[in-house]
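What follows is the content of final_11.txt, which has compact mmCIF, C-alpha atoms:
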# COMPACT_ATOMS: atom_id res chain seq x y z
CA MET A 1 0.00 0.00 0.00
CA THR A 2 1.50 3.35 -0.96
CA LEU A 3 0.93 6.44 1.07
CA THR A 4 -1.46 8.91 -0.44
CA LEU A 5 -2.42 12.39 0.64
CA GLN A 6 -5.57 11.24 2.44
CA PHE A 7 -3.58 9.37 5.11
CA PHE A 8 -1.90 12.55 6.27
CA LEU A 9 -5.10 14.56 6.09
CA VAL A 10 -6.99 12.07 8.24
CA VAL A 11 -4.23 12.09 10.87
CA SER A 12 -4.23 15.87 10.82
CA ALA A 13 -8.03 15.91 11.22
CA ALA A 14 -7.75 13.54 14.20
CA LEU A 15 -5.14 15.78 15.81
CA PHE A 16 -7.35 18.81 15.23
CA CYS A 17 -10.32 17.11 16.86
CA ILE A 18 -8.25 16.03 19.86
CA GLY A 19 -7.16 19.66 20.23
CA LEU A 20 -10.81 20.71 20.00
CA LEU A 21 -11.64 18.23 22.74
CA ALA A 22 -8.92 19.67 24.95
CA ALA A 23 -10.09 23.23 24.33
CA LEU A 24 -13.74 22.44 25.03
CA SER A 25 -13.64 20.07 27.98
CA ARG A 26 -10.94 21.40 30.25
CA ARG A 27 -11.43 23.82 33.08
CA HIS A 28 -7.85 24.91 33.66
CA ALA A 29 -6.94 27.88 31.48
CA ILE A 30 -3.55 26.49 30.48
CA PHE A 31 -5.11 23.40 28.98
CA ILE A 32 -7.37 25.41 26.78
CA LEU A 33 -4.19 27.01 25.43
CA ILE A 34 -2.70 23.55 24.94
CA GLY A 35 -5.74 22.59 22.88
CA ILE A 36 -5.33 25.68 20.71
CA GLU A 37 -1.64 24.88 20.14
CA MET A 38 -2.60 21.34 19.14
CA MET A 39 -5.06 22.67 16.56
CA LEU A 40 -2.37 24.95 15.12
CA ALA A 41 0.04 22.02 14.88
CA ALA A 42 -2.57 19.99 13.01
CA ALA A 43 -2.98 22.82 10.50
CA ASN A 44 0.82 22.95 10.04
CA LEU A 45 0.86 19.25 9.28
CA ASN A 46 -1.84 19.83 6.68
CA PHE A 47 0.23 22.54 5.00
CA ILE A 48 3.35 20.38 4.79
CA ALA A 49 1.37 17.40 3.45
CA PHE A 50 -0.16 19.51 0.69
CA TRP A 51 3.22 21.03 -0.11
CA ARG A 52 4.84 17.62 -0.46
CA PHE A 53 2.14 16.04 -2.56
CA GLY A 54 1.38 19.05 -4.70
CA PRO A 55 3.15 20.61 -7.67
CA GLN A 56 6.76 21.40 -6.90
CA SER A 57 7.06 25.13 -7.42
CA PRO A 58 10.36 27.06 -7.36
CA TYR A 59 9.42 28.75 -4.07
CA PRO A 60 8.96 26.46 -1.03
CA ILE A 61 5.59 27.95 -0.19
CA GLY A 62 4.29 25.32 2.24
CA VAL A 63 7.49 25.36 4.27
CA MET A 64 7.42 29.17 4.46
CA VAL A 65 3.83 29.25 5.70
CA VAL A 66 4.64 26.71 8.40
CA ILE A 67 7.74 28.58 9.56
CA PHE A 68 5.72 31.76 10.01
CA SER A 69 2.87 29.83 11.60
CA ILE A 70 5.24 28.31 14.18
CA ALA A 71 6.61 31.75 15.03
CA ILE A 72 3.15 33.27 15.39
CA ALA A 73 1.90 30.36 17.49
CA ALA A 74 4.86 30.68 19.83
CA ALA A 75 4.22 34.42 20.27
CA GLU A 76 0.55 33.76 20.94
CA ALA A 77 1.37 31.06 23.49
CA ALA A 78 3.73 33.40 25.32
CA VAL A 79 1.16 36.19 25.54
CA GLY A 80 -1.63 33.79 26.52
CA LEU A 81 0.42 32.28 29.31
CA ALA A 82 1.39 35.74 30.55
CA MET A 83 -2.31 36.55 30.74
CA VAL A 84 -2.96 33.34 32.70
CA ILE A 85 -0.29 34.33 35.21
CA ALA A 86 -1.68 37.86 35.52
CA VAL A 87 -5.23 36.55 36.03
CA TYR A 88 -4.00 34.06 38.62
CA ARG A 89 -2.24 36.81 40.51
CA HIS A 90 -5.44 38.81 40.69
CA PHE A 91 -8.13 36.18 41.21
CA ARG A 92 -6.02 33.34 42.72
CA THR A 93 -7.67 30.81 40.45
CA THR A 94 -7.13 29.37 36.98
CA ASN A 95 -10.50 27.70 36.78
CA VAL A 96 -12.26 29.34 33.85
CA ASP A 97 -15.66 28.54 35.35
CA GLN A 98 -14.92 31.01 38.11
CA LEU A 99 -13.72 33.80 35.85
CA ASP A 100 -17.09 35.16 34.87
CA ARG A 101 -16.90 38.81 35.77
CA LEU A 102 -15.13 41.66 34.07
CA LYS A 103 -15.03 43.72 37.25
CA GLY A 104 -11.80 43.10 39.14
CA MET B 105 7.96 6.47 2.03
CA ASN B 106 7.22 3.69 4.40
CA VAL B 107 3.74 2.82 5.56
CA ILE B 108 5.08 1.22 8.72
CA ALA B 109 6.97 4.38 9.65
CA PHE B 110 3.86 6.44 9.00
CA GLY B 111 1.73 4.12 11.12
CA ALA B 112 4.18 4.12 14.02
CA ILE B 113 4.54 7.92 14.06
CA ALA B 114 0.77 8.37 13.74
CA ILE B 115 0.05 6.06 16.67
CA PHE B 116 2.75 7.73 18.79
CA THR B 117 1.47 11.23 18.06
CA LEU B 118 -2.22 10.46 18.56
CA VAL B 119 -1.67 8.54 21.80
CA PHE B 120 0.27 11.42 23.32
CA ALA B 121 -2.22 13.96 22.01
CA LEU B 122 -5.05 12.05 23.65
CA ALA B 123 -3.05 11.84 26.87
CA ALA B 124 -2.44 15.60 26.78
CA ALA B 125 -6.12 16.31 26.19
CA THR B 126 -7.65 14.01 28.81
CA ASN B 127 -5.18 13.34 31.60
CA PRO B 128 -6.39 14.92 34.83
CA ARG B 129 -2.88 15.32 36.22
CA LEU B 130 -1.40 18.56 34.97
CA MET B 131 2.30 17.77 34.70
CA HIS B 132 1.69 14.49 32.92
CA ALA B 133 -0.50 16.23 30.39
CA ALA B 134 2.10 18.96 29.79
CA LEU B 135 4.87 16.43 29.20
CA SER B 136 2.66 14.38 26.87
CA PHE B 137 2.09 17.61 24.98
CA ALA B 138 5.86 17.94 24.48
CA ALA B 139 6.13 14.32 23.31
CA MET B 140 3.31 14.90 20.82
CA PHE B 141 5.30 17.69 19.19
CA VAL B 142 8.24 15.34 18.75
CA GLY B 143 5.84 13.05 16.90
CA ILE B 144 4.69 15.88 14.65
CA ALA B 145 8.33 16.80 13.94
CA ALA B 146 8.86 13.15 12.93
CA PHE B 147 5.98 13.61 10.45
CA PHE B 148 7.75 16.62 9.01
CA PHE B 149 10.93 14.59 8.59
CA LEU B 150 8.93 11.86 6.86
CA LEU B 151 7.47 14.41 4.44
CA GLY B 152 10.85 15.83 3.50
CA ALA B 153 10.71 19.15 5.39
CA GLU B 154 13.63 18.57 7.73
CA PHE B 155 14.31 22.20 8.52
CA VAL B 156 10.75 22.77 9.65
CA GLY B 157 10.91 19.64 11.79
CA LEU B 158 13.96 20.93 13.60
CA VAL B 159 12.44 24.41 13.99
CA GLN B 160 9.35 22.71 15.45
CA ILE B 161 11.48 20.86 18.03
CA PHE B 162 13.40 24.00 18.96
CA VAL B 163 10.43 26.29 19.24
CA TYR B 164 7.63 24.03 20.48
CA VAL B 165 9.36 21.41 22.60
CA GLY B 166 12.22 23.66 23.64
CA ALA B 167 10.31 26.87 24.33
CA VAL B 168 6.53 26.55 24.36
CA ALA B 169 6.32 23.28 26.32
CA VAL B 170 8.86 24.55 28.87
CA LEU B 171 6.88 27.80 29.17
CA ILE B 172 3.74 25.80 29.87
CA VAL B 173 5.49 23.71 32.52
CA PHE B 174 6.74 26.88 34.23
CA THR B 175 3.30 28.44 34.13
CA ILE B 176 1.81 25.33 35.71
CA LEU B 177 4.42 25.54 38.46
CA LEU B 178 3.68 29.22 39.02
CA THR B 179 -0.10 28.86 39.20
CA ARG B 180 -0.48 25.89 41.45
CA ARG B 181 -3.62 25.45 43.44
CA ASN B 182 -4.02 23.12 46.38
CA ALA B 183 -5.46 20.32 44.33
CA ASP B 184 -3.68 20.38 40.98
CA LYS B 185 -5.93 18.05 39.18
CA ASP B 186 -8.36 18.95 36.54
CA ARG B 187 -11.36 17.28 35.05
CA GLY B 188 -10.55 15.90 31.64
CA PHE B 189 -13.82 14.34 30.68
CA ASN B 190 -16.89 16.10 29.48
CA TRP B 191 -19.48 14.33 27.40
CA GLY B 192 -20.50 17.43 25.49
CA GLY B 193 -16.92 18.11 24.44
CA ILE B 194 -16.34 14.51 23.35
CA LEU B 195 -19.54 14.53 21.32
CA VAL B 196 -18.61 17.73 19.50
CA ALA B 197 -15.06 16.51 18.82
CA VAL B 198 -16.27 13.16 17.44
CA LEU B 199 -18.87 14.85 15.24
CA VAL B 200 -16.30 17.28 13.85
CA PHE B 201 -13.91 14.39 13.20
CA PHE B 202 -16.48 12.42 11.28
CA GLY B 203 -17.42 15.49 9.30
CA LEU B 204 -13.80 16.18 8.35
CA VAL B 205 -13.07 12.56 7.42
CA TRP B 206 -16.20 12.43 5.28
CA ALA B 207 -15.10 15.60 3.49
CA ILE B 208 -11.55 14.29 2.99
CA LEU B 209 -12.59 10.92 1.62
CA ARG B 210 -15.14 12.37 -0.75
CA THR B 211 -12.86 14.97 -2.30
CA LYS B 212 -11.22 14.07 -5.59
CA PHE B 213 -7.76 15.44 -5.05
CA VAL B 214 -5.78 16.33 -8.12
CA TYR B 215 -2.42 15.37 -6.63
CA THR B 216 -2.45 12.26 -4.50
CA SER B 217 0.59 10.32 -5.56
CA LEU B 218 4.04 11.21 -4.44
CA PRO B 219 6.05 13.21 -6.95
CA ILE B 220 9.80 12.84 -7.19
CA ALA B 221 10.85 15.78 -5.07
CA LYS B 222 14.14 17.60 -5.03
CA ALA B 223 15.60 17.89 -1.58
CA LEU B 224 14.91 21.25 -0.03
CA SER B 225 18.09 22.74 1.35
CA VAL B 226 18.42 25.37 4.04
CA LYS B 227 20.16 27.59 1.48
CA GLN B 228 17.01 27.64 -0.63
CA ILE B 229 14.88 28.47 2.39
CA GLY B 230 17.26 31.28 3.35
CA GLN B 231 17.27 32.69 -0.17
CA ALA B 232 13.48 32.56 -0.37
CA LEU B 233 13.18 34.27 3.03
CA MET B 234 15.51 37.05 2.01
CA THR B 235 14.20 37.73 -1.47
CA HIS B 236 10.65 36.60 -2.01
CA TYR B 237 9.34 36.54 1.57
CA VAL B 238 11.22 39.42 3.11
CA TRP B 239 8.07 41.41 3.85
CA PRO B 240 6.43 38.67 5.99
CA LEU B 241 9.79 38.10 7.66
CA GLN B 242 9.97 41.72 8.84
CA CYS B 243 6.34 41.63 9.97
CA VAL B 244 6.91 38.48 12.02
CA ALA B 245 10.02 40.07 13.56
CA VAL B 246 7.98 43.08 14.67
CA LEU B 247 5.23 40.79 15.95
CA LEU B 248 7.66 38.73 18.02
CA THR B 249 9.17 41.86 19.54
CA VAL B 250 5.74 43.23 20.41
CA ALA B 251 4.67 39.88 21.89
CA LEU B 252 7.81 39.68 24.00
CA ILE B 253 7.39 43.18 25.38
CA GLY B 254 3.67 42.63 25.91
CA ALA B 255 4.19 39.39 27.84
CA LEU B 256 6.78 41.08 30.05
CA VAL B 257 4.48 44.02 30.77
CA LEU B 258 1.63 41.66 31.67
CA VAL B 259 3.57 39.76 34.31
CA MET B 260 5.61 42.61 35.69
CA GLU B 261 4.82 43.47 39.25
CA ASP B 262 4.69 47.08 40.27
CA LYS B 263 7.27 47.68 42.93
CA PRO B 264 6.14 50.28 45.46
CA GLU B 265 8.89 52.87 45.48

Step by step, read the file and then write its structure as structure tokens.
Amino acid sequence: MTLTLQFFLVVSAALFCIGLLAALSRRHAIFILIGIEMMLAAANLNFIAFWRFGPQSPYPIGVMVVIFSIAIAAAEAAVGLAMVIAVYRHFRTTNVDQLDRLKG
Amino acid sequence: MNVIAFGAIAIFTLVFALAAATNPRLMHAALSFAAMFVGIAAFFFLLGAEFVGLVQIFVYVGAVAVLIVFTILLTRRNADKDRGFNWGGILVAVLVFFGLVWAILRTKFVYTSLPIAKALSVKQIGQALMTHYVWPLQCVAVLLTVALIGALVLVMEDKPE
């Protein structure tokens, strides 16, 4: 059996749905961020799979998109985690069920 | 490309992803998250994008996973466990998965077989970044600087003078 594109796409879809599960069913704020990072990683895998199986162009487009996506995801994770620390310092909790007011 | 290698990496990645999503113990979930990114980097190596695989290991496993572990250590509650199971979340995730797989298997892709690919060297990536993609490169540099300064400002404590 040779590998086709659909194998990689199905694995990427499974990874995306596991990330969705983590983002929807967790109560700790950090794990919602972990779910979001997992969804971004699944999208990166999709890009590289399409780049490899598609027409080989002179510019490595899929690789470029993934490099920028990794950089942006790392920046977003850093800012999100800084916000979690700031919220914890103020409210002493990371349980998102208890963070339901805008008033400090 | 080897189907056995693909199957092994896929099982490794999905098992650790599931462990990261559902384990009630926080540190175990964070370390499974790091192992999952090693699996995804192995996928990138299998697909011929070695530079991106190494960048993934440096940035995600080396920086983002360590950042998450430190944040867990800094925001500990008395009982550091967390519920990982929620029937509504599982239902939505399973429905979305079946929808995506149905869409993937029904689509007639134009390119499904593996073309003979030239190896992508780091020199080509560097040349493309400096000539064709220089504008996104500068934007991402500004974004990273802004994110760094923003994260520092958010966690800085005001010292009473």

Hey, list the chain A side of the contact with chain B: 7 Å cut-off, only C-alpha atoms, answer as a PyMOL selection string.
chain A and resi 2-6+10-11+13-15+17-22+24-28+49+52-54+59+63+67+74-75+77-79+81-83+85-86+88

Generate a file of the selected residues that holds C-alpha atoms, formatted as an mmCIF file, keeping the file's coordinate frame.
data_model
loop_
_atom_site.group_PDB
_atom_site.id
_atom_site.type_symbol
_atom_site.label_atom_id
_atom_site.label_comp_id
_atom_site.auth_asym_id
_atom_site.auth_seq_id
_atom_site.Cartn_x
_atom_site.Cartn_y
_atom_site.Cartn_z
ATOM 1 C CA THR A 2 1.500 3.350 -0.960
ATOM 2 C CA LEU A 3 0.930 6.440 1.070
ATOM 3 C CA THR A 4 -1.460 8.910 -0.440
ATOM 4 C CA LEU A 5 -2.420 12.390 0.640
ATOM 5 C CA GLN A 6 -5.570 11.240 2.440
ATOM 6 C CA VAL A 10 -6.990 12.070 8.240
ATOM 7 C CA VAL A 11 -4.230 12.090 10.870
ATOM 8 C CA ALA A 13 -8.030 15.910 11.220
ATOM 9 C CA ALA A 14 -7.750 13.540 14.200
ATOM 10 C CA LEU A 15 -5.140 15.780 15.810
ATOM 11 C CA CYS A 17 -10.320 17.110 16.860
ATOM 12 C CA ILE A 18 -8.250 16.030 19.860
ATOM 13 C CA GLY A 19 -7.160 19.660 20.230
ATOM 14 C CA LEU A 20 -10.810 20.710 20.000
ATOM 15 C CA LEU A 21 -11.640 18.230 22.740
ATOM 16 C CA ALA A 22 -8.920 19.670 24.950
ATOM 17 C CA LEU A 24 -13.740 22.440 25.030
ATOM 18 C CA SER A 25 -13.640 20.070 27.980
ATOM 19 C CA ARG A 26 -10.940 21.400 30.250
ATOM 20 C CA ARG A 27 -11.430 23.820 33.080
ATOM 21 C CA HIS A 28 -7.850 24.910 33.660
ATOM 22 C CA ALA A 49 1.370 17.400 3.450
ATOM 23 C CA ARG A 52 4.840 17.620 -0.460
ATOM 24 C CA PHE A 53 2.140 16.040 -2.560
ATOM 25 C CA GLY A 54 1.380 19.050 -4.700
ATOM 26 C CA TYR A 59 9.420 28.750 -4.070
ATOM 27 C CA VAL A 63 7.490 25.360 4.270
ATOM 28 C CA ILE A 67 7.740 28.580 9.560
ATOM 29 C CA ALA A 74 4.860 30.680 19.830
ATOM 30 C CA ALA A 75 4.220 34.420 20.270
ATOM 31 C CA ALA A 77 1.370 31.060 23.490
ATOM 32 C CA ALA A 78 3.730 33.400 25.320
ATOM 33 C CA VAL A 79 1.160 36.190 25.540
ATOM 34 C CA LEU A 81 0.420 32.280 29.310
ATOM 35 C CA ALA A 82 1.390 35.740 30.550
ATOM 36 C CA MET A 83 -2.310 36.550 30.740
ATOM 37 C CA ILE A 85 -0.290 34.330 35.210
ATOM 38 C CA ALA A 86 -1.680 37.860 35.520
ATOM 39 C CA TYR A 88 -4.000 34.060 38.620
#

With distances taken over all atoms listed in the file, the candidate from A:Val96, A:Leu102, A:Ala73, A:Val87 nearest Ala23 (chain A) is A:Val96

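If only C-alpha atoms are the atoms counted, then among A:Arg89, A:Phe7, A:Val84, A:Ser69 the closest residue to Met39 (chain A) is A:Ser69.
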
Can you work out the spacing between CA of Ile48 (chain A) and CA of Ile108 (chain B) in Å, to one decimal?
19.6 Å

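The spacing separating CA of Ala71 (chain A) from CA of Ala146 (chain B) amounts to 18.9 Å.
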
Quick one: pull the distance between CA of Leu177 (chain B) and CA of Gly80 (chain A), Å, one decimal.
15.7 Å

Once you add 5 Å to each side, what are the centre and edge lengths of the axis-aligned box holding all listed atoms of region 90-93 of chain A? One decimal in Å, as AutoDock Vina command-line options, if you can.
--center_x -6.8 --center_y 34.8 --center_z 41.6 --size_x 12.7 --size_y 18.0 --size_z 12.3

Got a minute to add N, CA and C atoms to region 10-41 of chain A and dump it as a tab-separated table (two decimals), keeping the file's coordinate frame?
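So the final result, stored in out15.tsv, reads:
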chain	number	residue	atom	x	y	z
A	10	VAL	N	-6.16	12.66	7.19
A	10	VAL	CA	-6.99	12.07	8.24
A	10	VAL	C	-6.28	12.16	9.60
A	11	VAL	N	-4.96	11.95	9.60
A	11	VAL	CA	-4.23	12.09	10.87
A	11	VAL	C	-4.27	13.53	11.35
A	12	SER	N	-4.16	14.47	10.43
A	12	SER	CA	-4.23	15.87	10.82
A	12	SER	C	-5.62	16.23	11.33
A	13	ALA	N	-6.67	15.65	10.74
A	13	ALA	CA	-8.03	15.91	11.22
A	13	ALA	C	-8.22	15.33	12.62
A	14	ALA	N	-7.64	14.14	12.86
A	14	ALA	CA	-7.75	13.54	14.20
A	14	ALA	C	-7.04	14.41	15.23
A	15	LEU	N	-5.88	14.92	14.88
A	15	LEU	CA	-5.14	15.78	15.81
A	15	LEU	C	-5.91	17.06	16.08
A	16	PHE	N	-6.55	17.61	15.04
A	16	PHE	CA	-7.35	18.81	15.23
A	16	PHE	C	-8.52	18.54	16.17
A	17	CYS	N	-9.16	17.39	16.01
A	17	CYS	CA	-10.32	17.11	16.86
A	17	CYS	C	-9.90	16.80	18.29
A	18	ILE	N	-8.72	16.22	18.49
A	18	ILE	CA	-8.25	16.03	19.86
A	18	ILE	C	-7.93	17.38	20.49
A	19	GLY	N	-7.38	18.31	19.72
A	19	GLY	CA	-7.16	19.66	20.23
A	19	GLY	C	-8.46	20.36	20.57
A	20	LEU	N	-9.48	20.14	19.73
A	20	LEU	CA	-10.81	20.71	20.00
A	20	LEU	C	-11.38	20.15	21.28
A	21	LEU	N	-11.18	18.85	21.51
A	21	LEU	CA	-11.64	18.23	22.74
A	21	LEU	C	-10.96	18.84	23.95
A	22	ALA	N	-9.65	19.07	23.84
A	22	ALA	CA	-8.92	19.67	24.95
A	22	ALA	C	-9.39	21.10	25.21
A	23	ALA	N	-9.68	21.85	24.15
A	23	ALA	CA	-10.09	23.23	24.33
A	23	ALA	C	-11.51	23.33	24.87
A	24	LEU	N	-12.35	22.33	24.61
A	24	LEU	CA	-13.74	22.44	25.03
A	24	LEU	C	-14.00	21.84	26.40
A	25	SER	N	-13.22	20.82	26.81
A	25	SER	CA	-13.64	20.07	27.98
A	25	SER	C	-12.77	20.30	29.19
A	26	ARG	N	-11.80	21.18	29.11
A	26	ARG	CA	-10.94	21.40	30.25
A	26	ARG	C	-11.38	22.64	31.01
A	27	ARG	N	-11.07	22.64	32.30
A	27	ARG	CA	-11.43	23.82	33.08
A	27	ARG	C	-10.23	24.69	33.39
A	28	HIS	N	-9.04	24.13	33.35
A	28	HIS	CA	-7.85	24.91	33.66
A	28	HIS	C	-7.49	25.73	32.43
A	29	ALA	N	-7.14	26.99	32.63
A	29	ALA	CA	-6.94	27.88	31.48
A	29	ALA	C	-5.76	27.46	30.62
A	30	ILE	N	-4.74	26.87	31.24
A	30	ILE	CA	-3.55	26.49	30.48
A	30	ILE	C	-3.87	25.38	29.50
A	31	PHE	N	-4.82	24.51	29.87
A	31	PHE	CA	-5.11	23.40	28.98
A	31	PHE	C	-5.95	23.79	27.81
A	32	ILE	N	-6.69	24.88	27.95
A	32	ILE	CA	-7.37	25.41	26.78
A	32	ILE	C	-6.34	25.92	25.79
A	33	LEU	N	-5.27	26.56	26.33
A	33	LEU	CA	-4.19	27.01	25.43
A	33	LEU	C	-3.48	25.83	24.79
A	34	ILE	N	-3.32	24.74	25.52
A	34	ILE	CA	-2.70	23.55	24.94
A	34	ILE	C	-3.55	23.03	23.79
A	35	GLY	N	-4.87	23.05	23.96
A	35	GLY	CA	-5.74	22.59	22.88
A	35	GLY	C	-5.60	23.46	21.64
A	36	ILE	N	-5.48	24.78	21.86
A	36	ILE	CA	-5.33	25.68	20.71
A	36	ILE	C	-4.01	25.41	20.00
A	37	GLU	N	-2.93	25.18	20.77
A	37	GLU	CA	-1.64	24.88	20.14
A	37	GLU	C	-1.70	23.58	19.35
A	38	MET	N	-2.47	22.62	19.86
A	38	MET	CA	-2.60	21.34	19.14
A	38	MET	C	-3.32	21.55	17.82
A	39	MET	N	-4.34	22.42	17.81
A	39	MET	CA	-5.06	22.67	16.56
A	39	MET	C	-4.16	23.35	15.55
A	40	LEU	N	-3.31	24.29	16.03
A	40	LEU	CA	-2.37	24.95	15.12
A	40	LEU	C	-1.37	23.96	14.55
A	41	ALA	N	-0.92	23.01	15.37
A	41	ALA	CA	0.04	22.02	14.88
A	41	ALA	C	-0.60	21.12	13.84
